[in-house]
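Undergrad: I'm passing along target31.tsv; it holds TSV, C-alpha atoms.
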chain	number	residue	atom	x	y	z
T	109	MET	CA	2.95	2.93	1.69
T	110	ASP	CA	3.06	-0.80	0.99
T	111	GLY	CA	-0.39	-2.27	1.63
T	112	THR	CA	0.77	-4.97	4.04
T	113	VAL	CA	2.88	-2.48	6.00
T	114	GLN	CA	-0.14	-0.17	6.23
T	115	ALA	CA	-2.34	-3.02	7.45
T	116	TRP	CA	0.24	-3.92	10.10
T	117	VAL	CA	0.48	-0.31	11.29
T	118	ASP	CA	-3.31	0.09	11.42
T	119	GLY	CA	-3.75	-2.99	13.59
T	120	TRP	CA	-0.64	-2.53	15.72
T	121	VAL	CA	-1.59	0.94	16.97
T	122	VAL	CA	-4.97	-0.36	18.17
T	123	SER	CA	-3.42	-3.49	19.67
T	124	ARG	CA	-0.90	-1.47	21.68
T	125	GLY	CA	-3.09	1.56	22.43
T	126	ALA	CA	-0.65	3.83	20.59
T	127	ALA	CA	-1.48	7.19	19.03
T	128	PRO	CA	-2.91	7.27	15.50
T	129	PRO	CA	-0.09	7.15	12.92
T	130	VAL	CA	0.98	10.45	11.40
T	131	PRO	CA	1.57	10.06	7.65
T	132	GLU	CA	5.00	11.03	6.33
T	133	PRO	CA	6.34	11.07	2.76
T	134	TRP	CA	8.45	8.00	3.60
T	135	GLY	CA	5.96	6.17	5.86
T	136	CYS	CA	4.52	7.20	9.21
T	137	THR	CA	5.37	8.25	12.76
T	138	ILE	CA	3.67	6.64	15.75
T	139	ASP	CA	3.80	7.99	19.30
T	140	VAL	CA	3.82	5.10	21.77
T	141	GLY	CA	4.48	7.02	24.98
T	142	MET	CA	6.57	4.51	26.94
T	143	TYR	CA	10.00	4.77	28.50
T	144	GLY	CA	12.37	3.13	26.07
T	145	HIS	CA	9.75	3.27	23.33
T	146	VAL	CA	8.64	6.85	23.00
T	147	THR	CA	8.04	7.05	19.26
T	148	ARG	CA	8.58	4.81	16.26
T	149	HIS	CA	9.19	5.77	12.65
T	150	VAL	CA	7.91	3.10	10.26
T	151	PHE	CA	9.13	3.18	6.66
T	152	GLY	CA	6.48	2.30	4.11
T	153	ALA	CA	8.61	0.66	1.41
T	154	THR	CA	10.01	-2.87	1.57
T	155	GLY	CA	13.14	-4.60	0.32
T	156	ASP	CA	15.02	-2.87	-2.48
T	157	ASP	CA	12.29	-0.21	-2.68
T	158	LEU	CA	13.36	1.15	0.71
T	159	ASP	CA	15.14	4.47	0.12
T	160	GLU	CA	18.53	4.72	1.82
T	161	ALA	CA	18.47	8.52	1.69
T	162	ALA	CA	15.11	8.62	3.48
T	163	VAL	CA	16.34	6.32	6.24
T	164	ARG	CA	19.51	8.38	6.71
T	165	LYS	CA	17.52	11.63	6.80
T	166	VAL	CA	14.96	10.41	9.35
T	167	ALA	CA	17.63	8.79	11.54
T	168	GLY	CA	19.82	11.88	11.39
T	169	ALA	CA	17.01	14.07	12.71
T	170	VAL	CA	16.49	11.92	15.84
T	171	THR	CA	18.15	13.29	18.98
T	172	GLY	CA	16.31	11.76	21.94
T	173	ALA	CA	16.59	8.31	23.48
T	174	GLY	CA	13.92	5.67	23.06
T	175	VAL	CA	13.01	6.45	19.46
T	176	TRP	CA	12.76	3.42	17.18
T	177	LEU	CA	13.07	2.87	13.45
T	178	LYS	CA	11.21	0.06	11.71
T	179	ALA	CA	12.64	-0.57	8.25
T	180	PHE	CA	11.67	-3.48	6.01
T	181	GLN	CA	15.13	-4.51	4.89
T	182	ASP	CA	17.83	-6.83	6.24
T	183	PRO	CA	19.68	-5.54	9.36
T	184	SER	CA	23.04	-5.96	7.64
T	185	VAL	CA	21.91	-3.44	5.03
T	186	VAL	CA	20.25	-0.93	7.35
T	187	ALA	CA	23.23	-1.03	9.74
T	188	GLY	CA	25.36	0.61	7.06
T	189	TRP	CA	22.98	3.58	6.95
T	190	LEU	CA	22.99	4.40	10.68
T	191	ASP	CA	25.67	5.81	12.97
T	192	ASP	CA	26.82	4.35	16.29
T	193	THR	CA	24.09	6.11	18.31
T	194	TRP	CA	21.70	3.42	17.06
T	195	TRP	CA	21.35	-0.04	18.55
T	196	ILE	CA	20.32	-2.43	15.81
T	197	ASP	CA	18.69	-5.75	16.62
T	198	PRO	CA	20.98	-8.26	14.88
T	199	GLU	CA	18.10	-10.68	14.44
T	200	PRO	CA	15.65	-9.71	11.72
T	201	GLY	CA	11.93	-9.67	12.19
T	202	TYR	CA	9.54	-10.95	9.55
T	203	LEU	CA	6.42	-9.30	8.17
T	204	MET	CA	4.10	-12.23	7.46
T	205	THR	CA	0.62	-12.81	6.07
T	206	VAL	CA	-1.87	-15.68	5.84
T	207	PRO	CA	-5.27	-16.16	4.21
T	208	LEU	CA	-7.82	-16.56	7.01
T	209	ALA	CA	-10.43	-19.29	6.82
T	210	PRO	CA	-13.41	-20.14	9.04
T	211	GLY	CA	-13.29	-23.16	11.31
T	212	ASP	CA	-13.85	-24.43	14.81
T	213	ALA	CA	-11.59	-23.41	17.66
T	214	PRO	CA	-9.43	-26.31	18.90
T	215	ASP	CA	-9.64	-27.62	22.44
T	216	PRO	CA	-6.77	-27.08	24.90
T	217	PRO	CA	-4.75	-30.06	26.19
T	218	ASP	CA	-6.04	-31.86	29.27
T	219	GLY	CA	-5.68	-29.73	32.37
T	220	TYR	CA	-5.23	-26.45	30.50
T	221	ARG	CA	-7.88	-23.74	30.34
T	222	LEU	CA	-8.49	-21.46	27.35
T	223	ARG	CA	-10.25	-18.12	27.64
T	224	SER	CA	-10.78	-15.27	25.18
T	225	TRP	CA	-12.35	-11.83	25.45
T	226	GLU	CA	-12.66	-8.61	23.47
T	227	ARG	CA	-12.04	-5.02	24.60
T	228	GLY	CA	-11.69	-1.95	22.43
T	229	GLY	CA	-11.46	-3.87	19.18
T	230	VAL	CA	-8.74	-6.22	20.45
T	231	THR	CA	-9.43	-9.91	21.07
T	232	ARG	CA	-7.15	-11.51	23.66
T	233	VAL	CA	-6.59	-15.20	24.29
T	234	MET	CA	-4.95	-16.77	27.31
T	235	VAL	CA	-4.16	-20.35	28.19
T	236	ALA	CA	-3.83	-21.14	31.89
T	237	ALA	CA	-1.73	-24.10	33.02
T	238	PRO	CA	-3.12	-26.78	35.34
T	239	ASP	CA	-1.66	-24.89	38.33
T	240	GLY	CA	-3.31	-21.63	37.21
T	241	SER	CA	-0.15	-19.94	35.91
T	242	LEU	CA	-0.01	-18.32	32.48
T	243	ALA	CA	1.06	-20.84	29.84
T	244	ALA	CA	0.42	-18.93	26.61
T	245	ARG	CA	-1.23	-15.79	25.32
T	246	GLY	CA	-1.82	-13.62	22.25
T	247	GLN	CA	-4.08	-11.00	20.78
T	248	ILE	CA	-5.48	-9.98	17.41
T	249	THR	CA	-6.94	-6.75	16.05
T	250	PRO	CA	-9.23	-6.85	13.00
T	251	THR	CA	-9.32	-3.59	11.03
T	252	GLY	CA	-11.64	-4.40	8.16
T	253	GLY	CA	-10.35	-7.04	5.78
T	254	THR	CA	-7.08	-7.58	7.67
T	255	ALA	CA	-6.30	-8.56	11.26
T	256	VAL	CA	-2.99	-8.07	13.07
T	257	ALA	CA	-1.81	-10.77	15.46
T	258	ASP	CA	0.40	-9.46	18.25
T	259	GLN	CA	2.24	-10.38	21.46
T	260	ILE	CA	2.10	-14.13	20.88
T	261	GLU	CA	3.92	-15.84	23.74
T	262	THR	CA	4.30	-19.30	25.25
T	263	ALA	CA	6.00	-19.74	28.61
T	264	PRO	CA	9.26	-21.73	28.23
T	265	GLU	CA	8.10	-24.55	30.49
T	266	HIS	CA	4.94	-25.07	28.41
T	267	ARG	CA	6.44	-25.14	24.94
T	268	ARG	CA	6.14	-28.05	22.50
T	269	LYS	CA	2.63	-28.82	23.70
T	270	GLY	CA	0.79	-27.17	20.85
T	271	LEU	CA	-0.22	-24.12	22.87
T	272	GLY	CA	1.19	-21.62	20.38
T	273	SER	CA	-0.85	-23.24	17.61
T	274	LEU	CA	-3.89	-23.27	19.88
T	275	VAL	CA	-3.60	-19.54	20.53
T	276	MET	CA	-2.99	-18.68	16.88
T	277	ARG	CA	-5.82	-20.81	15.51
T	278	THR	CA	-8.23	-19.40	18.08
T	279	LEU	CA	-7.24	-15.84	17.21
T	280	GLN	CA	-7.48	-16.45	13.48
T	281	ILE	CA	-10.94	-18.01	13.70
T	282	THR	CA	-12.10	-15.11	15.85
T	283	ALA	CA	-10.82	-12.61	13.29
T	284	VAL	CA	-12.67	-14.39	10.47
T	285	ARG	CA	-15.89	-14.15	12.43
T	286	GLN	CA	-15.28	-10.40	12.70
T	287	GLY	CA	-14.91	-10.01	8.95
T	288	ALA	CA	-11.14	-10.30	8.38
T	289	ARG	CA	-9.81	-12.31	5.46
T	290	THR	CA	-6.05	-11.82	5.76
T	291	GLY	CA	-3.84	-12.12	8.83
T	292	VAL	CA	-0.77	-9.93	9.29
T	293	LEU	CA	1.98	-10.00	11.90
T	294	ALA	CA	5.60	-9.07	12.54
T	295	GLY	CA	7.26	-12.18	13.92
T	296	THR	CA	10.60	-13.01	15.48
T	297	PRO	CA	13.00	-15.70	14.23
T	298	ALA	CA	11.81	-17.90	17.10
T	299	GLY	CA	8.18	-17.50	16.12
T	300	ARG	CA	8.67	-17.83	12.38
T	301	GLY	CA	8.67	-21.64	12.46
T	302	LEU	CA	5.34	-21.76	14.29
T	303	TYR	CA	3.72	-19.29	11.93
T	304	GLU	CA	5.00	-21.01	8.79
T	305	ALA	CA	3.67	-24.34	10.08
T	306	LEU	CA	0.26	-22.66	10.25
T	307	GLY	CA	0.46	-21.40	6.67
T	308	TRP	CA	1.91	-17.92	7.18
T	309	GLU	CA	4.36	-16.59	4.57
T	310	VAL	CA	7.14	-14.02	4.86
T	311	VAL	CA	6.57	-10.96	2.69
T	312	ALA	CA	9.38	-8.72	4.02
T	313	VAL	CA	12.34	-8.73	6.40
T	314	LEU	CA	12.18	-6.21	9.24
T	315	THR	CA	14.99	-4.29	10.94
T	316	SER	CA	14.39	-2.74	14.37
T	317	ALA	CA	16.75	0.02	15.53
T	318	LYS	CA	16.65	2.02	18.77
T	319	HIS	CA	18.28	5.40	19.30
T	320	CYS	CA	20.71	5.33	22.24
T	321	PRO	CA	22.57	8.66	22.22
T	322	ARG	CA	25.91	8.85	23.96
T	323	THR	CA	25.93	10.70	27.29
Written as structure tokens, how would this file's structure read?
TA:
Amino acid sequence: MDGTVQAWVDGWVVSRGAAPPVPEPWGCTIDVGMYGHVTRHVFGATGDDLDEAAVRKVAGAVTGAGVWLKAFQDPSVVAGWLDDTWWIDPEPGYLMTVPLAPGDAPDPPDGYRLRSWERGGVTRVMVAAPDGSLAARGQITPTGGTAVADQIETAPEHRRKGLGSLVMRTLQITAVRQGARTGVLAGTPAGRGLYEALGWEVVAVLTSAKHCPRT
């Protein structure tokens, strides 16, 4: 399995409280245990190294609803390998990395409150708005030399105030203090701009597909 994909899997399962990944010849299987997201099959190769035959074989063996495929190739390519029982997210995700460096956590804007805490190996950060509502949040899971950032969100009414950068920088500095040297995440097109502005680089395109069998 590609090293960055493996690092992402290792951190993601801890971040989400999923079952330990089960190794497969083509990648791994992760039981998540949620309605609409029961299990995910993650392919270990990226780009042109991703094996079409392996994707077709794994997808063809899926019968139940709520099973996901995560394949590191463009959706337009993967779509040609799956039948119409699969919903394919037309927007690609992006597997991204960044070298982590020590530093001081930034201060929140006037009126906002920043808090972070750690439970079960996951550090969470929240930013509360002046009225006490949730303005932004995120979490990061160090697993040795790498740390996986996850569930980074900024409420629509609080965007363009630097809160996303505040959350990310705080998480990254925390991960460095816990021994991580490389950050890893799977970002959306909307988040890609923020991450790139903070020095993150795309290493692979990600397709997400969900099995929706006809009834």
Undergrad: Would you compute the distance between atom CA of Gly240 of chain T and atom CA of Arg277 of chain T? Give it in Å to one decimal.
TA: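 These atoms are spaced 21.9 Å apart.
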Undergrad: Which residue is closest to Gln286 of chain T? Choose from T:His319, T:Gly229, T:Met234, T:Val122 and count only C-alpha atoms.
TA: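 Looking only at the distances to Gln286 of chain T, the closest residue turns out to be T:Gly229.
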Undergrad: Counting only C-alpha atoms, note down every residue that has an atom within 9 Å of the point (-5.7, -1.8, 13.4) (file coordinates), as a list in words.
TA: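 Residues with an atom close enough to that point: Ala115, Trp116, Val117, Asp118, Gly119, Trp120, Val121, Val122, Ser123, Gly229, Val230, Thr249, Pro250, Thr251, Gly252, Thr254, Ala255 and Val256 of chain T.
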